[in-house]
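J.: As input, take target_14.cif (mmCIF, C-alpha atoms):
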```cif
data_upload
#
loop_
_atom_site.label_atom_id
_atom_site.label_comp_id
_atom_site.auth_asym_id
_atom_site.auth_seq_id
_atom_site.Cartn_x
_atom_site.Cartn_y
_atom_site.Cartn_z
CA MET A 610 255.81 137.50 118.23
CA PHE A 611 256.72 134.89 120.79
CA ILE A 612 256.82 137.45 123.58
CA PHE A 613 253.54 139.00 122.48
CA GLU A 614 251.92 135.57 122.42
CA TRP A 615 253.28 134.72 125.85
CA LEU A 616 252.03 138.02 127.32
CA ASN A 617 248.69 137.52 125.61
CA ASN A 618 248.30 134.02 126.99
CA GLN A 619 249.42 134.84 130.50
CA LEU A 620 247.96 138.31 131.04
CA LEU A 621 244.85 138.24 128.91
CA LYS A 622 243.93 134.58 128.78
CA MET A 623 245.46 133.97 132.21
CA GLU A 624 246.84 130.52 131.57
CA TRP A 625 248.60 130.66 134.94
CA LEU A 626 245.20 130.92 136.58
CA PHE A 627 243.85 128.04 134.51
CA VAL A 628 246.70 125.84 135.78
CA LEU A 629 246.33 127.12 139.34
CA VAL A 630 242.60 126.37 139.45
CA GLN A 631 243.26 122.99 137.84
CA LYS A 632 245.68 122.21 140.69
CA LEU A 633 243.05 123.29 143.19
CA VAL A 634 240.27 121.19 141.66
CA GLU A 635 242.43 118.12 141.13
CA GLY A 636 244.64 118.36 144.21
CA VAL A 637 242.27 119.67 146.85
CA PHE A 638 238.85 118.50 145.66
CA GLY A 639 240.21 115.29 144.11
CA LEU A 640 238.23 115.73 140.89
CA SER A 641 239.55 115.45 137.36
CA ILE A 642 238.78 118.43 135.15
CA GLN A 643 238.00 115.97 132.37
CA ASP A 644 234.99 114.87 134.42
CA ARG A 645 231.66 116.61 134.38
CA LEU A 646 231.62 117.94 137.92
CA GLY A 647 235.33 118.73 138.02
CA GLY A 648 235.13 120.43 134.64
CA SER A 649 232.16 122.59 135.69
CA ILE A 650 233.75 123.60 138.97
CA HIS A 651 236.97 124.45 137.16
CA PHE A 652 235.14 126.52 134.52
CA PHE A 653 233.21 128.37 137.22
CA ILE A 654 236.13 129.25 139.52
CA TYR A 655 238.51 130.06 136.68
CA ASP A 656 236.04 132.24 134.77
CA VAL A 657 234.77 134.12 137.81
CA ILE A 658 238.27 135.00 139.03
CA LYS A 659 239.45 135.85 135.53
CA ILE A 660 236.49 138.12 134.79
CA PHE A 661 236.78 139.97 138.09
CA ILE A 662 240.54 140.54 137.71
CA LEU A 663 240.15 141.72 134.12
CA LEU A 664 237.14 143.85 135.02
CA SER A 665 238.97 145.70 137.79
CA VAL A 666 242.10 146.37 135.78
CA LEU A 667 240.24 147.18 132.58
CA ILE A 668 237.58 149.41 134.07
CA PHE A 669 240.18 151.38 135.94
CA SER A 670 242.27 152.06 132.85
CA VAL A 671 239.28 152.60 130.60
CA SER A 672 237.73 155.02 133.10
CA TYR A 673 240.93 157.01 133.15
CA ILE A 674 240.64 157.48 129.38
CA GLN A 675 236.91 158.12 129.68
CA SER A 676 237.42 160.90 132.19
CA PHE A 677 238.68 163.00 129.26
CA PHE A 678 235.41 162.54 127.38
CA PRO A 679 232.46 163.40 129.62
CA PRO A 680 229.09 163.56 127.80
CA GLU A 681 229.15 167.36 127.99
CA ARG A 682 232.31 167.40 125.92
CA THR A 683 231.06 164.68 123.55
CA ARG A 684 228.01 166.80 122.87
CA LYS A 685 230.18 169.80 122.02
CA ILE A 686 232.40 167.79 119.69
CA LEU A 687 229.44 166.19 117.93
CA GLY A 688 227.79 169.55 117.38
CA ARG A 689 230.61 170.52 115.04
CA PHE A 690 229.97 167.71 112.54
CA ASN A 691 227.25 166.95 110.00
CA GLY A 692 225.90 164.01 108.06
CA ILE A 693 227.49 160.61 108.22
CA SER A 694 230.71 161.88 109.80
CA ALA A 695 228.62 162.97 112.79
CA ASN A 696 227.14 159.46 112.99
CA ILE A 697 230.58 157.85 112.77
CA LEU A 698 231.92 160.16 115.45
CA GLY A 699 228.84 159.54 117.59
CA ALA A 700 229.42 155.80 117.37
CA LEU A 701 233.13 156.18 118.19
CA LEU A 702 232.53 158.52 121.11
CA GLY A 703 229.89 156.10 122.35
CA THR A 704 232.66 153.62 123.06
CA ILE A 705 234.67 156.00 125.26
CA THR A 706 232.03 158.17 126.92
CA PRO A 707 231.30 156.91 130.42
CA PHE A 708 227.70 155.97 130.41
CA CYS A 709 225.30 154.26 132.71
CA SER A 710 221.92 153.09 131.52
CA CYS A 711 220.16 155.22 134.12
CA SER A 712 221.68 158.29 132.44
CA SER A 713 220.45 157.42 128.97
CA ILE A 714 217.39 159.63 129.23
CA PRO A 715 219.03 162.86 130.42
CA LEU A 716 221.67 162.19 127.82
CA PHE A 717 219.15 161.70 125.03
CA ILE A 718 217.37 164.89 126.01
CA GLY A 719 220.60 166.82 126.44
CA PHE A 720 221.94 165.84 123.03
CA THR A 721 218.66 166.39 121.20
CA ASN A 722 217.89 169.63 122.96
CA ALA A 723 221.31 171.00 121.98
CA GLY A 724 220.31 170.52 118.35
CA LEU A 725 222.09 167.28 117.53
CA PRO A 726 220.16 165.24 114.93
CA ILE A 727 218.41 162.31 116.63
CA GLY A 728 220.18 159.93 114.23
CA VAL A 729 223.53 160.96 115.72
CA THR A 730 222.21 160.50 119.24
CA PHE A 731 220.96 157.04 118.28
CA SER A 732 224.37 156.13 116.82
CA PHE A 733 225.76 157.04 120.20
CA LEU A 734 223.08 155.15 122.11
CA ILE A 735 223.57 151.98 120.04
CA SER A 736 227.35 151.84 120.27
CA SER A 737 227.60 152.88 123.90
CA PRO A 738 226.38 149.64 125.55
CA LEU A 739 227.42 147.44 122.62
CA VAL A 740 231.05 148.33 122.14
CA ASP A 741 232.64 149.08 125.43
CA LEU A 742 236.43 149.28 125.55
CA ALA A 743 236.58 146.86 128.47
CA SER A 744 234.33 144.31 126.77
CA VAL A 745 236.56 144.29 123.71
CA LEU A 746 239.58 143.27 125.77
CA LEU A 747 237.46 140.65 127.48
CA LEU A 748 236.45 139.26 124.07
CA ALA A 749 240.12 139.08 123.12
CA SER A 750 240.77 137.21 126.35
CA ILE A 751 237.97 134.68 125.94
CA PHE A 752 238.16 134.22 122.17
CA ASN A 753 240.94 135.95 120.27
CA TRP A 754 241.97 139.33 118.89
CA ARG A 755 240.55 138.72 115.43
CA ILE A 756 237.09 138.17 116.90
CA ALA A 757 237.41 141.14 119.25
CA ILE A 758 238.38 143.50 116.44
CA ALA A 759 235.71 142.14 114.09
CA TYR A 760 233.15 142.62 116.88
CA VAL A 761 234.13 146.27 117.34
CA VAL A 762 233.99 146.94 113.63
CA VAL A 763 230.56 145.38 113.10
CA GLY A 764 229.24 147.01 116.29
CA LEU A 765 230.34 150.45 115.08
CA VAL A 766 228.98 149.81 111.58
CA LEU A 767 225.64 148.82 113.10
CA ALA A 768 225.58 152.02 115.18
CA VAL A 769 226.47 154.23 112.19
CA ILE A 770 223.95 152.60 109.83
CA GLY A 771 221.21 152.46 112.47
CA GLY A 772 221.63 156.16 113.28
CA THR A 773 221.87 157.13 109.61
CA VAL A 774 218.66 155.29 108.75
CA ILE A 775 216.86 157.01 111.62
CA SER A 776 218.18 160.37 110.32
CA LYS A 777 217.02 159.60 106.78
CA LEU A 778 213.55 158.65 108.01
CA LYS A 779 213.26 162.14 109.52
CA MET A 780 211.68 160.91 112.71
CA GLU A 781 212.19 164.08 114.76
CA GLU A 782 208.41 164.47 115.02
CA TYR A 783 208.25 161.22 116.99
CA VAL A 784 210.27 162.67 119.83
CA GLU A 785 208.19 163.93 122.74
CA PRO A 786 207.82 167.71 122.25
CA PHE A 787 209.04 168.60 125.75
CA VAL A 788 212.51 167.42 124.76
CA PHE A 789 212.83 170.42 122.44
CA SER A 790 211.16 172.99 124.63
CA ASN A 791 213.12 175.53 126.68
CA LYS A 792 216.76 175.46 125.79
CA MET A 793 218.94 173.90 128.42
CA MET A 794 221.63 175.90 130.09
CA GLU A 795 225.16 175.20 129.01
CA MET A 796 227.11 173.77 131.92
CA GLU A 797 230.55 175.01 132.69
CA GLN A 798 233.20 172.32 132.29
CA GLU A 799 234.83 171.11 135.42
CA GLU A 800 238.59 170.84 135.27
CA LEU A 801 239.83 167.47 136.50
CA THR A 802 243.20 166.94 138.09
CA LEU A 803 245.18 163.70 137.88
CA LYS A 804 243.94 162.89 141.37
CA ASP A 805 240.32 163.41 140.28
CA ARG A 806 240.78 161.08 137.32
CA ILE A 807 242.30 158.35 139.46
CA GLN A 808 239.45 158.76 141.96
CA PHE A 809 236.96 158.58 139.07
CA GLY A 810 238.60 155.34 137.92
CA LYS A 811 238.37 153.83 141.40
CA ASP A 812 234.74 154.90 141.78
CA GLN A 813 233.88 153.39 138.41
CA VAL A 814 235.50 150.05 139.35
CA MET A 815 233.53 149.89 142.61
CA ASP A 816 230.37 151.01 140.90
CA ILE A 817 230.49 148.60 137.99
CA ILE A 818 231.56 145.61 140.06
CA HIS A 819 228.77 146.37 142.49
CA LYS A 820 226.34 146.50 139.56
CA VAL A 821 227.48 143.46 137.56
CA TRP A 822 228.79 140.88 140.02
CA LEU A 823 225.50 139.02 140.19
CA TYR A 824 225.14 138.94 136.39
CA VAL A 825 228.67 137.63 136.10
CA LEU A 826 228.03 134.84 138.62
CA ILE A 827 224.75 133.87 136.91
CA GLY A 828 226.34 134.09 133.47
CA VAL A 829 229.31 131.95 134.43
CA GLY A 830 226.97 129.53 136.21
CA ILE A 831 224.88 129.08 133.06
CA GLY A 832 228.09 128.82 131.06
CA ALA A 833 229.39 126.08 133.36
CA ALA A 834 226.09 124.20 133.04
CA ILE A 835 226.10 124.45 129.26
CA HIS A 836 229.73 123.42 129.29
CA ASN A 837 229.19 120.12 131.02
CA TYR A 838 225.58 119.20 131.67
CA ILE A 839 223.53 120.05 128.64
CA PRO A 840 224.21 117.38 125.99
CA GLU A 841 225.80 118.67 122.85
CA SER A 842 223.10 116.97 120.79
CA ILE A 843 220.37 119.14 122.32
CA ILE A 844 222.31 122.35 121.84
CA SER A 845 223.22 121.55 118.27
CA ALA A 846 219.64 120.50 117.49
CA VAL A 847 218.43 123.96 118.51
CA LEU A 848 221.36 126.26 117.82
CA GLY A 849 223.64 124.19 115.60
CA GLN A 850 225.56 125.79 112.76
CA ASP A 851 223.53 123.88 110.18
CA LYS A 852 220.23 125.25 111.49
CA TRP A 853 219.23 128.33 109.51
CA TYR A 854 217.02 129.60 112.33
CA SER A 855 219.68 129.49 115.06
CA VAL A 856 220.62 133.16 114.68
CA VAL A 857 216.98 134.26 114.68
CA LEU A 858 216.29 132.24 117.81
CA ALA A 859 219.37 133.53 119.65
CA THR A 860 218.52 137.14 118.77
CA PHE A 861 214.87 136.97 119.80
CA VAL A 862 215.70 135.26 123.07
CA GLY A 863 218.35 137.90 123.74
CA VAL A 864 216.40 141.08 122.93
CA PRO A 865 214.10 141.26 125.98
CA MET A 866 216.81 140.02 128.33
CA TYR A 867 218.74 142.49 130.36
CA ALA A 868 222.26 141.65 131.38
CA ASP A 869 225.62 143.20 131.23
CA ILE A 870 228.02 142.23 128.47
CA PHE A 871 230.30 140.81 131.16
CA GLY A 872 227.61 138.37 132.20
CA THR A 873 226.80 137.27 128.64
CA LEU A 874 230.37 136.61 127.53
CA PRO A 875 230.81 133.36 129.51
CA ILE A 876 227.52 132.06 128.09
CA ALA A 877 228.68 132.86 124.55
CA GLU A 878 232.01 131.19 125.31
CA ALA A 879 230.38 127.96 126.49
CA LEU A 880 227.99 127.93 123.52
CA VAL A 881 230.83 128.23 121.02
CA VAL A 882 232.74 125.42 122.72
CA LYS A 883 229.61 123.28 122.34
CA GLY A 884 229.58 123.80 118.59
CA VAL A 885 227.18 126.73 118.33
CA GLY A 886 228.11 129.05 115.46
CA LEU A 887 230.21 132.05 116.43
CA GLY A 888 227.70 134.34 114.70
CA THR A 889 224.85 132.82 116.68
CA ALA A 890 226.67 133.39 119.97
CA LEU A 891 227.61 136.96 119.04
CA SER A 892 224.01 137.71 117.98
CA PHE A 893 222.84 136.56 121.38
CA MET A 894 225.41 138.76 123.11
CA MET A 895 224.62 141.82 121.03
CA ALA A 896 220.87 141.36 121.44
CA VAL A 897 221.18 141.13 125.21
CA THR A 898 223.41 144.19 125.56
CA ALA A 899 222.08 146.54 122.88
CA LEU A 900 218.37 146.05 123.48
CA SER A 901 216.54 145.24 126.67
CA MET A 902 213.10 145.76 128.10
CA PRO A 903 214.24 148.15 130.87
CA SER A 904 216.11 150.43 128.48
CA LEU A 905 213.23 150.44 125.99
CA ILE A 906 210.78 151.34 128.75
CA LEU A 907 213.03 154.24 129.73
CA LEU A 908 213.32 155.44 126.14
CA LYS A 909 209.55 155.32 125.81
CA LYS A 910 209.41 158.34 128.10
CA VAL A 911 211.07 160.55 125.51
CA VAL A 912 210.16 159.07 122.12
CA LYS A 913 206.88 157.92 120.63
CA THR A 914 206.13 154.28 119.91
CA ARG A 915 206.75 154.61 116.16
CA LEU A 916 210.36 155.74 116.66
CA LEU A 917 210.92 153.18 119.40
CA VAL A 918 209.71 150.37 117.12
CA THR A 919 211.87 151.66 114.24
CA PHE A 920 214.92 151.78 116.50
CA THR A 921 214.31 148.27 117.84
CA GLY A 922 213.62 146.97 114.33
CA ILE A 923 216.77 148.42 112.79
CA VAL A 924 219.00 147.13 115.57
CA THR A 925 217.40 143.67 115.50
CA VAL A 926 217.80 143.34 111.72
CA GLY A 927 221.40 144.54 112.03
CA ILE A 928 222.15 141.91 114.67
CA LEU A 929 220.61 139.17 112.49
CA ILE A 930 222.76 140.21 109.53
CA ILE A 931 225.87 140.27 111.72
CA GLY A 932 225.05 136.80 113.06
CA TYR A 933 224.63 135.24 109.62
CA THR A 934 227.74 136.98 108.31
CA PHE A 935 229.88 135.71 111.17
CA ASN A 936 228.52 132.19 110.74
CA ALA A 937 229.30 132.28 107.03
CA PHE A 938 232.87 133.48 107.55
CA VAL A 939 233.60 131.67 110.80
CA HIS A 940 236.67 129.95 109.33
CA LEU A 941 238.41 133.34 109.28
CA PHE A 942 238.09 133.76 113.03
CA LEU A 943 238.46 130.46 114.84
CA MET B 367 218.78 177.44 151.81
CA ILE B 368 217.17 175.07 149.34
CA ILE B 369 219.03 171.95 148.31
CA LYS B 370 217.72 169.98 145.35
CA VAL B 371 218.64 166.42 144.51
CA LEU B 372 218.09 165.72 140.81
CA GLY B 373 217.56 162.14 139.74
CA THR B 374 214.97 159.79 138.34
CA GLY B 375 215.09 157.39 141.27
CA CYS B 376 218.18 155.29 140.64
CA ALA B 377 220.20 153.90 143.54
CA LYS B 378 222.82 156.65 143.28
CA CYS B 379 220.16 159.33 143.57
CA LYS B 380 219.01 157.84 146.85
CA SER B 381 222.49 157.79 148.32
CA LEU B 382 223.03 161.39 147.24
CA GLU B 383 219.82 162.41 148.99
CA ALA B 384 220.90 160.57 152.14
CA ASN B 385 224.31 162.27 152.09
CA ALA B 386 222.73 165.66 151.60
CA ARG B 387 220.36 165.15 154.53
CA GLN B 388 223.19 163.94 156.74
CA ALA B 389 225.36 166.92 155.81
CA VAL B 390 222.55 169.31 156.69
CA ALA B 391 221.96 167.55 160.00
CA GLU B 392 225.64 167.48 160.94
CA MET B 393 226.11 171.15 160.13
CA GLY B 394 222.99 172.07 162.06
CA ILE B 395 221.83 174.51 159.41
CA THR B 396 218.28 175.15 158.32
CA ALA B 397 217.97 173.90 154.81
CA GLU B 398 215.27 172.16 152.87
CA VAL B 399 216.22 169.07 150.87
CA VAL B 400 213.94 168.65 147.86
CA LYS B 401 213.89 165.74 145.47
CA VAL B 402 213.43 166.60 141.80
CA GLN B 403 212.35 163.53 139.86
CA ASP B 404 210.49 164.95 136.90
CA MET B 405 212.57 164.76 133.74
CA LYS B 406 211.40 168.17 132.51
CA ASP B 407 212.51 169.86 135.71
CA ILE B 408 215.85 168.03 135.75
CA MET B 409 216.40 169.08 132.15
CA ALA B 410 215.96 172.72 133.01
CA PHE B 411 219.19 172.55 134.99
CA GLY B 412 221.16 171.39 131.96
CA VAL B 413 222.37 168.23 133.62
CA LEU B 414 223.41 165.35 131.32
CA ARG B 415 224.29 162.93 134.07
CA THR B 416 222.25 162.21 137.15
CA PRO B 417 222.33 162.33 140.10
CA ALA B 418 223.06 166.01 140.55
CA LEU B 419 223.06 168.35 143.52
CA VAL B 420 221.70 171.88 143.28
CA VAL B 421 222.30 174.45 145.99
CA ASP B 422 220.24 177.63 145.71
CA GLU B 423 219.45 176.96 142.05
CA LYS B 424 223.08 176.36 141.12
CA VAL B 425 224.31 172.92 140.01
CA VAL B 426 227.32 172.06 142.17
CA VAL B 427 227.86 168.37 141.37
CA TYR B 428 226.59 166.10 138.63
CA GLY B 429 227.14 162.52 137.51
CA LYS B 430 228.46 161.29 140.83
CA VAL B 431 227.63 160.90 144.49
CA PRO B 432 229.67 163.29 146.63
CA THR B 433 230.55 162.20 150.17
CA VAL B 434 228.96 163.84 153.18
CA GLU B 435 232.13 165.90 153.67
CA GLU B 436 232.04 167.08 150.07
CA VAL B 437 228.40 168.08 150.37
CA LYS B 438 229.26 170.08 153.50
CA ALA B 439 231.86 172.03 151.56
CA PHE B 440 229.20 173.04 149.03
CA LEU B 441 226.85 174.19 151.76
CA LYS B 442 229.31 176.56 153.37
#
```
Rewrite the structure of this file - the entire thing - as structure tokens.

T.:
Amino acid sequence: MFIFEWLNNQLLKMEWLFVLVQKLVEGVFGLSIQDRLGGSIHFFIYDVIKIFILLSVLIFSVSYIQSFFPPERTRKILGRFNGISANILGALLGTITPFCSCSSIPLFIGFTNAGLPIGVTFSFLISSPLVDLASVLLLASIFNWRIAIAYVVVGLVLAVIGGTVISKLKMEEYVEPFVFSNKMMEMEQEELTLKDRIQFGKDQVMDIIHKVWLYVLIGVGIGAAIHNYIPESIISAVLGQDKWYSVVLATFVGVPMYADIFGTLPIAEALVVKGVGLGTALSFMMAVTALSMPSLILLKKVVKTRLLVTFTGIVTVGILIIGYTFNAFVHLFL
Amino acid sequence: MIIKVLGTGCAKCKSLEANARQAVAEMGITAEVVKVQDMKDIMAFGVLRTPALVVDEKVVVYGKVPTVEEVKAFLK
């Protein structure tokens, strides 16, 4: 246990980096990290370096695993299952299928056109941005393993239930008809060599860092500001654990926002430190990553408003329930 | 030869188009590079991940941006 804890603290939480940045801030800049400015600078440098190191290592290893599960294969696997097991599998595969938001439309069409129930496709579409393997390890790094695992479980449950409800509502008629017309050709699978997979991992790292670096900087910047400049009294007046509406507020602020999970984590971290309920912070994170204006606008091209509203409604309600549940059982996690 | 670049206008699709044009220019062949942006037309090729490159109605790459050298190999 001792060795595991030491590895966890050094590799995942990067305590060595915390100390190193502390030396830099105190020794070179001459600021104490107990002070406002020193504390903010320390939070910013430490979090930015930590997130970028973890991102590179994690995305590389996760991409290697993902290279075994391209969407074409996921679609084939899913086609063999029915009912709730298909939804569960869809949610699980969503976590390991490499997926970029600009591919969500071809993917939606491809899955639906191949005859997969739309509920299964939605299970996949909910879990894919929400529960990413890399983000789970990042959660374990910033908070702890109990929270990371609980997050995965509730994220998957949300994806399964959301997709199942959409299946039960029989909303196929609210998909644009062209999605079903003319059967798509089946693509031949490309065989990847070890070299291809390593190249894929490297490409993914470059790609994702290129895409998220700005969000990470902004996220950590806001986190650092919350950390040291916004008085705790204001934050707890709006988002405090005793305020029943805090989860609702965090969710509705988060839904239209578009950011990567890597950018929202430092904000959630700072909020929790300031006494905001864990459930409230997680609701904010989930709302930002699972739903966003740009992705809804894209989806609008293939589904009718009624289905889009149902999808948004189910996910929002799910996030609210998750937020309240986490707030009620917070003593189990922190 | 007709080369089609499938994609709904994301950044990767633009770099694929640029690479395709450069490959054609460097090889000095006569080929037409066409952008396919309509979802229905992209769908017809069975592609789940954009961008994709189609040479003479056959999908040769999808879900990534091949380098200029890689595109050249497909054009031979």

J.: Using the chain letters and residue numbers of this document, give as a PDB file with C-alpha atoms, in the frame of the given file the residues selected by the PyMOL selection byres ((chain B) within 12 of (chain A)).

T.:
```pdb
ATOM      1  CA  LEU B 372     218.090 165.720 140.810  1.00  0.00           C
ATOM      2  CA  GLY B 373     217.560 162.140 139.740  1.00  0.00           C
ATOM      3  CA  THR B 374     214.970 159.790 138.340  1.00  0.00           C
ATOM      4  CA  GLY B 375     215.090 157.390 141.270  1.00  0.00           C
ATOM      5  CA  CYS B 376     218.180 155.290 140.640  1.00  0.00           C
ATOM      6  CA  ALA B 377     220.200 153.900 143.540  1.00  0.00           C
ATOM      7  CA  LYS B 378     222.820 156.650 143.280  1.00  0.00           C
ATOM      8  CA  CYS B 379     220.160 159.330 143.570  1.00  0.00           C
ATOM      9  CA  GLN B 403     212.350 163.530 139.860  1.00  0.00           C
ATOM     10  CA  ASP B 404     210.490 164.950 136.900  1.00  0.00           C
ATOM     11  CA  MET B 405     212.570 164.760 133.740  1.00  0.00           C
ATOM     12  CA  LYS B 406     211.400 168.170 132.510  1.00  0.00           C
ATOM     13  CA  ASP B 407     212.510 169.860 135.710  1.00  0.00           C
ATOM     14  CA  ILE B 408     215.850 168.030 135.750  1.00  0.00           C
ATOM     15  CA  MET B 409     216.400 169.080 132.150  1.00  0.00           C
ATOM     16  CA  ALA B 410     215.960 172.720 133.010  1.00  0.00           C
ATOM     17  CA  PHE B 411     219.190 172.550 134.990  1.00  0.00           C
ATOM     18  CA  GLY B 412     221.160 171.390 131.960  1.00  0.00           C
ATOM     19  CA  VAL B 413     222.370 168.230 133.620  1.00  0.00           C
ATOM     20  CA  LEU B 414     223.410 165.350 131.320  1.00  0.00           C
ATOM     21  CA  ARG B 415     224.290 162.930 134.070  1.00  0.00           C
ATOM     22  CA  THR B 416     222.250 162.210 137.150  1.00  0.00           C
ATOM     23  CA  PRO B 417     222.330 162.330 140.100  1.00  0.00           C
ATOM     24  CA  ALA B 418     223.060 166.010 140.550  1.00  0.00           C
ATOM     25  CA  LYS B 424     223.080 176.360 141.120  1.00  0.00           C
ATOM     26  CA  VAL B 425     224.310 172.920 140.010  1.00  0.00           C
ATOM     27  CA  VAL B 426     227.320 172.060 142.170  1.00  0.00           C
ATOM     28  CA  VAL B 427     227.860 168.370 141.370  1.00  0.00           C
ATOM     29  CA  TYR B 428     226.590 166.100 138.630  1.00  0.00           C
ATOM     30  CA  GLY B 429     227.140 162.520 137.510  1.00  0.00           C
ATOM     31  CA  LYS B 430     228.460 161.290 140.830  1.00  0.00           C
ATOM     32  CA  VAL B 431     227.630 160.900 144.490  1.00  0.00           C
ATOM     33  CA  PRO B 432     229.670 163.290 146.630  1.00  0.00           C
ATOM     34  CA  THR B 433     230.550 162.200 150.170  1.00  0.00           C
TER      35      THR B 433
END
```

J.: List, as an MDAnalysis selection string, every residue that the PyMOL selection byres ((chain B and resi 390-402) around 6) selects in the file provided.

T.: chainID B and resid 367:372 387:389 403:404

J.: What does the structure give for the distance between atom CA of Glu435 of chain B and atom CA of Asn385 of chain B, in Å to one decimal?

T.: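 Taking atom CA of Glu435 of chain B and atom CA of Asn385 of chain B, their separation equals 8.8 Å.
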
J.: Measuring between only C-alpha atoms, which one of A:Tyr655, A:Phe920, A:Tyr867, A:Phe938 shows the shortest distance to Ile751 of chain A?

T.: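 Using only C-alpha atoms, the shortest distance to Ile751 of chain A belongs to A:Tyr655.
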
J.: Selection in question (the file shown): the PyMOL selection byres ((chain A and resi 829) around 8). Which residues does it include, as a VMD selection string?

T.: chain A and resid 652 to 653 656 to 657 825 to 828 830 to 833 872 875 to 876

J.: Tell me, in Å to one decimal, how far atom CA of Ile931 of chain A is from atom CA of Leu891 of chain A.

T.: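 Going from atom CA of Ile931 of chain A over to atom CA of Leu891 of chain A covers 8.2 Å.
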
J.: Interatomic distance between atom CA of Leu616 of chain A and atom CA of Val666 of chain A?

T.: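 Computed distance, atom CA of Leu616 of chain A to atom CA of Val666 of chain A, equals 15.5 Å.
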
J.: Which residues are close to segment 754-764 of chain A, i.e. within 9 Å by all atoms listed in the file, leaving aside same-chain residues fewer than 6 positions away? Reply as a count of residues only.

T.: 18

J.: So that I can check the surroundings of Ala868 of chain A, please list as an MDAnalysis selection string every protein, DNA and RNA residue that reaches within 10 Å of it, counting only C-alpha atoms and ignoring chain neighbours fewer than 3 positions away.

T.: chainID A and resid 821 823:825 827:828 863 865 871:873 894 897:901

J.: Would you pick out the contacts of Gly692 of chain A at 12 Å or less, using all atoms listed in the file, so that residues sharing its chain but fewer than 5 positions from it are not included, and give the list as a PyMOL selection string?

T.: chain A and resi 687+697-699+725-729+732+769-770+772-777
